[in-house]
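Please read the structure below before turning to the comments.
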Amino acid sequence: MRNYLLEDIYEEDLKKITEALKELEFTGGLDGIFYIPVPDCLLQNEQKEHLGECGPYFMALEVLENELKLELLVRARNKLRCSCVCYATPEQRNHMLDYLDNFINDLEISL
(Lines give C-alpha, C1' and ligand atoms only; values in the text may rest on other atoms or scores of the structure.)
Protein backbone atom coordinates (compact mmCIF):
# COMPACT_ATOMS: atom_id res chain seq x y z
CA MET A 1 0.00 0.00 0.00
CA ARG A 2 1.26 3.47 -0.78
CA ASN A 3 0.98 5.94 2.09
CA TYR A 4 1.90 9.44 3.18
CA LEU A 5 3.13 9.21 6.76
CA LEU A 6 3.52 12.08 9.22
CA GLU A 7 5.40 10.99 12.35
CA ASP A 8 6.38 12.32 15.76
CA ILE A 9 3.18 14.26 16.38
CA TYR A 10 2.45 15.33 19.94
CA GLU A 11 -0.60 13.76 21.56
CA GLU A 12 -2.29 17.14 22.10
CA ASP A 13 -1.77 18.01 18.43
CA LEU A 14 -3.30 14.69 17.36
CA LYS A 15 -6.33 15.46 19.53
CA LYS A 16 -6.62 18.88 17.89
CA ILE A 17 -6.42 17.30 14.41
CA THR A 18 -8.96 14.61 15.33
CA GLU A 19 -11.45 17.16 16.67
CA ALA A 20 -11.12 19.31 13.55
CA LEU A 21 -11.70 16.27 11.32
CA LYS A 22 -14.82 15.37 13.33
CA GLU A 23 -16.13 18.94 12.97
CA LEU A 24 -15.78 18.58 9.19
CA GLU A 25 -17.76 15.30 9.44
CA PHE A 26 -14.94 13.28 7.86
CA THR A 27 -15.40 10.40 10.33
CA GLY A 28 -15.16 6.89 8.94
CA GLY A 29 -16.68 3.65 10.10
CA LEU A 30 -13.95 2.90 12.66
CA ASP A 31 -12.33 4.90 15.45
CA GLY A 32 -9.29 6.76 14.21
CA ILE A 33 -10.26 6.51 10.53
CA PHE A 34 -11.32 9.56 8.58
CA TYR A 35 -12.48 9.88 4.97
CA ILE A 36 -10.95 12.86 3.18
CA PRO A 37 -13.07 13.60 0.08
CA VAL A 38 -11.45 13.77 -3.34
CA PRO A 39 -12.88 16.78 -5.22
CA ASP A 40 -15.06 15.81 -8.19
CA CYS A 41 -12.96 18.00 -10.49
CA LEU A 42 -9.95 15.71 -9.84
CA LEU A 43 -11.72 12.42 -10.54
CA GLN A 44 -10.54 10.22 -13.37
CA ASN A 45 -12.97 9.65 -16.25
CA GLU A 46 -14.00 6.21 -14.96
CA GLN A 47 -14.54 7.62 -11.47
CA LYS A 48 -16.75 10.35 -12.92
CA GLU A 49 -18.73 7.73 -14.84
CA HIS A 50 -19.14 5.60 -11.68
CA LEU A 51 -19.84 8.52 -9.33
CA GLY A 52 -23.55 7.78 -8.97
CA GLU A 53 -23.12 4.05 -8.36
CA CYS A 54 -19.78 3.85 -6.54
CA GLY A 55 -18.98 7.33 -5.24
CA PRO A 56 -18.38 9.62 -3.54
CA TYR A 57 -14.62 9.08 -3.54
CA PHE A 58 -12.18 9.62 -0.70
CA MET A 59 -8.79 8.76 0.70
CA ALA A 60 -8.55 7.20 4.16
CA LEU A 61 -6.60 9.00 6.88
CA GLU A 62 -5.68 6.92 9.91
CA VAL A 63 -4.80 8.52 13.23
CA LEU A 64 -2.27 6.33 15.01
CA GLU A 65 -0.14 6.81 18.10
CA ASN A 66 2.00 9.87 17.35
CA GLU A 67 1.38 9.75 13.60
CA LEU A 68 -1.02 10.23 10.72
CA LYS A 69 -1.16 7.89 7.75
CA LEU A 70 -2.91 8.89 4.53
CA GLU A 71 -3.54 6.02 2.12
CA LEU A 72 -2.84 7.08 -1.45
CA LEU A 73 -5.66 4.86 -2.69
CA VAL A 74 -8.85 6.50 -3.95
CA ARG A 75 -11.71 4.54 -2.44
CA ALA A 76 -15.43 4.57 -3.21
CA ARG A 77 -18.01 4.90 -0.43
CA ASN A 78 -20.58 2.63 -2.01
CA LYS A 79 -18.39 -0.18 -3.40
CA LEU A 80 -15.34 -1.94 -2.04
CA ARG A 81 -14.22 -3.51 -5.28
CA CYS A 82 -14.49 -1.84 -8.64
CA SER A 83 -12.05 -0.77 -11.34
CA CYS A 84 -12.68 2.85 -10.31
CA VAL A 85 -11.00 2.16 -6.93
CA CYS A 86 -7.32 2.70 -7.66
CA TYR A 87 -4.17 4.48 -6.62
CA ALA A 88 -4.31 8.26 -6.84
CA THR A 89 -3.19 10.02 -9.97
CA PRO A 90 -0.32 12.48 -9.50
CA GLU A 91 -2.87 15.35 -9.47
CA GLN A 92 -5.07 13.65 -6.86
CA ARG A 93 -2.04 12.74 -4.74
CA ASN A 94 -0.56 16.25 -4.88
CA HIS A 95 -3.91 17.83 -4.03
CA MET A 96 -4.44 15.57 -1.01
CA LEU A 97 -0.89 16.01 0.31
CA ASP A 98 -1.24 19.78 -0.01
CA TYR A 99 -4.70 19.63 1.58
CA LEU A 100 -3.42 17.69 4.58
CA ASP A 101 -0.35 19.89 5.01
CA ASN A 102 -2.46 23.07 4.82
CA PHE A 103 -5.07 21.60 7.16
CA ILE A 104 -2.38 20.97 9.78
CA ASN A 105 -0.81 24.40 9.24
CA ASP A 106 -4.22 26.07 9.62
CA LEU A 107 -4.48 24.41 13.04
CA GLU A 108 -1.16 26.07 13.89
CA ILE A 109 0.57 22.74 14.32
CA SER A 110 4.14 22.53 13.13
CA LEU A 111 5.64 19.25 12.07
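Chain lettering (A, B, ...) mirrors the order of the C-alpha coordinates, residue numbering begins at 1 for each chain separately, and ligand numbering begins at 1 in order of display.
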
For this session: Mind the document's chain letters and residue numbers, and return as a PyMOL selection string the residues of stretch 17-88 of chain A that DSSP labels helix (DSSP H, G or I).
Result: chain A and resi 17-23+40-42+45-50

Problem set entry | Spatial neighbours of stretch 46-60 of chain A, max dist 9 Å, only C-alpha atoms, sep filter under 2 positions, as an NGL selection string | :A and (28 or 33-41 or 43-44 or 62 or 69-80 or 82-85 or 88 or 96)

For this session: Might you pull out every residue within 12 Å of A:Glu12, with only C-alpha atoms counted and same-chain residues fewer than 4 positions away left off, and present them as a PyMOL selection string?
Result: chain A and resi 8+16-19+65-67+107+109

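Taking atom CA of A:Leu14 as the reference point, atom CA of A:Arg93 is found at 22.2 Å.
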
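Between atom CA of A:Leu68 and atom CA of A:Tyr87 there is a distance of 18.5 Å.
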
Problem set entry | Residue list (strand (DSSP E), DSSP) for chain A, as a ChimeraX atom specification | /A:3-6,33-37,57-64,67-71,73-76,86-87

How would the residues just chosen look if you wrote them out with N, CA, C and O atoms as a CSV table (one decimal), in the first residue's frame?
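Now in again_21.csv:
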```csv
chain,number,residue,atom,x,y,z
A,3,ASN,N,1.5,5.1,1.0
A,3,ASN,CA,1.0,5.9,2.1
A,3,ASN,C,1.8,7.2,2.2
A,3,ASN,O,3.0,7.2,1.8
A,4,TYR,N,1.2,8.2,2.8
A,4,TYR,CA,1.9,9.4,3.2
A,4,TYR,C,1.9,9.4,4.7
A,4,TYR,O,0.8,9.4,5.3
A,5,LEU,N,3.0,9.4,5.3
A,5,LEU,CA,3.1,9.2,6.8
A,5,LEU,C,3.7,10.4,7.4
A,5,LEU,O,4.8,10.9,7.0
A,6,LEU,N,3.0,11.0,8.4
A,6,LEU,CA,3.5,12.1,9.2
A,6,LEU,C,3.8,11.5,10.6
A,6,LEU,O,2.8,11.0,11.3
A,33,ILE,N,-10.3,6.5,12.0
A,33,ILE,CA,-10.3,6.5,10.5
A,33,ILE,C,-11.1,7.7,10.1
A,33,ILE,O,-12.3,7.8,10.5
A,34,PHE,N,-10.6,8.4,9.1
A,34,PHE,CA,-11.3,9.6,8.6
A,34,PHE,C,-11.3,9.5,7.1
A,34,PHE,O,-10.3,9.0,6.5
A,35,TYR,N,-12.4,9.9,6.4
A,35,TYR,CA,-12.5,9.9,5.0
A,35,TYR,C,-12.3,11.3,4.4
A,35,TYR,O,-13.2,12.1,4.6
A,36,ILE,N,-11.2,11.5,3.8
A,36,ILE,CA,-11.0,12.9,3.2
A,36,ILE,C,-11.5,12.8,1.7
A,36,ILE,O,-10.9,12.1,0.9
A,37,PRO,N,-12.5,13.7,1.4
A,37,PRO,CA,-13.1,13.6,0.1
A,37,PRO,C,-12.1,14.1,-1.0
A,37,PRO,O,-11.3,15.0,-0.8
A,57,TYR,N,-16.0,9.6,-3.7
A,57,TYR,CA,-14.6,9.1,-3.5
A,57,TYR,C,-13.9,9.8,-2.4
A,57,TYR,O,-14.1,11.0,-2.2
A,58,PHE,N,-12.9,9.1,-1.8
A,58,PHE,CA,-12.2,9.6,-0.7
A,58,PHE,C,-10.9,8.9,-0.6
A,58,PHE,O,-10.6,7.8,-1.2
A,59,MET,N,-10.0,9.4,0.3
A,59,MET,CA,-8.8,8.8,0.7
A,59,MET,C,-8.9,8.6,2.2
A,59,MET,O,-9.4,9.5,2.9
A,60,ALA,N,-8.5,7.5,2.7
A,60,ALA,CA,-8.5,7.2,4.2
A,60,ALA,C,-7.3,7.8,4.9
A,60,ALA,O,-6.2,7.6,4.5
A,61,LEU,N,-7.6,8.5,6.0
A,61,LEU,CA,-6.6,9.0,6.9
A,61,LEU,C,-6.7,8.3,8.2
A,61,LEU,O,-7.8,8.3,8.8
A,62,GLU,N,-5.7,7.7,8.7
A,62,GLU,CA,-5.7,6.9,9.9
A,62,GLU,C,-4.9,7.7,10.9
A,62,GLU,O,-3.7,8.1,10.7
A,63,VAL,N,-5.5,7.9,12.1
A,63,VAL,CA,-4.8,8.5,13.2
A,63,VAL,C,-4.3,7.4,14.1
A,63,VAL,O,-5.0,6.6,14.7
A,64,LEU,N,-2.9,7.3,14.2
A,64,LEU,CA,-2.3,6.3,15.0
A,64,LEU,C,-1.6,7.0,16.2
A,64,LEU,O,-1.6,8.2,16.3
A,67,GLU,N,1.2,9.6,15.0
A,67,GLU,CA,1.4,9.7,13.6
A,67,GLU,C,0.0,9.7,12.9
A,67,GLU,O,-1.0,9.3,13.4
A,68,LEU,N,0.1,10.3,11.6
A,68,LEU,CA,-1.0,10.2,10.7
A,68,LEU,C,-0.6,9.5,9.5
A,68,LEU,O,0.5,9.7,9.0
A,69,LYS,N,-1.5,8.6,9.0
A,69,LYS,CA,-1.2,7.9,7.7
A,69,LYS,C,-2.3,8.1,6.7
A,69,LYS,O,-3.4,7.7,7.0
A,70,LEU,N,-2.0,8.7,5.6
A,70,LEU,CA,-2.9,8.9,4.5
A,70,LEU,C,-2.7,7.8,3.5
A,70,LEU,O,-1.6,7.8,2.9
A,71,GLU,N,-3.7,7.0,3.2
A,71,GLU,CA,-3.5,6.0,2.1
A,71,GLU,C,-3.7,6.8,0.8
A,71,GLU,O,-4.5,7.6,0.6
A,73,LEU,N,-4.7,5.6,-1.9
A,73,LEU,CA,-5.7,4.9,-2.7
A,73,LEU,C,-7.0,5.6,-2.7
A,73,LEU,O,-7.5,6.0,-1.6
A,74,VAL,N,-7.5,5.9,-3.9
A,74,VAL,CA,-8.8,6.5,-4.0
A,74,VAL,C,-9.9,5.4,-3.8
A,74,VAL,O,-10.0,4.5,-4.6
A,75,ARG,N,-10.7,5.5,-2.7
A,75,ARG,CA,-11.7,4.5,-2.4
A,75,ARG,C,-13.1,5.1,-2.8
A,75,ARG,O,-13.3,6.3,-2.8
A,76,ALA,N,-14.0,4.2,-2.9
A,76,ALA,CA,-15.4,4.6,-3.2
A,76,ALA,C,-16.3,4.2,-2.0
A,76,ALA,O,-16.1,3.2,-1.4
A,86,CYS,N,-8.7,2.9,-7.2
A,86,CYS,CA,-7.3,2.7,-7.7
A,86,CYS,C,-6.4,3.7,-7.0
A,86,CYS,O,-6.9,4.6,-6.3
A,87,TYR,N,-5.1,3.5,-7.2
A,87,TYR,CA,-4.2,4.5,-6.6
A,87,TYR,C,-4.4,5.9,-7.2
A,87,TYR,O,-4.8,6.0,-8.4
```
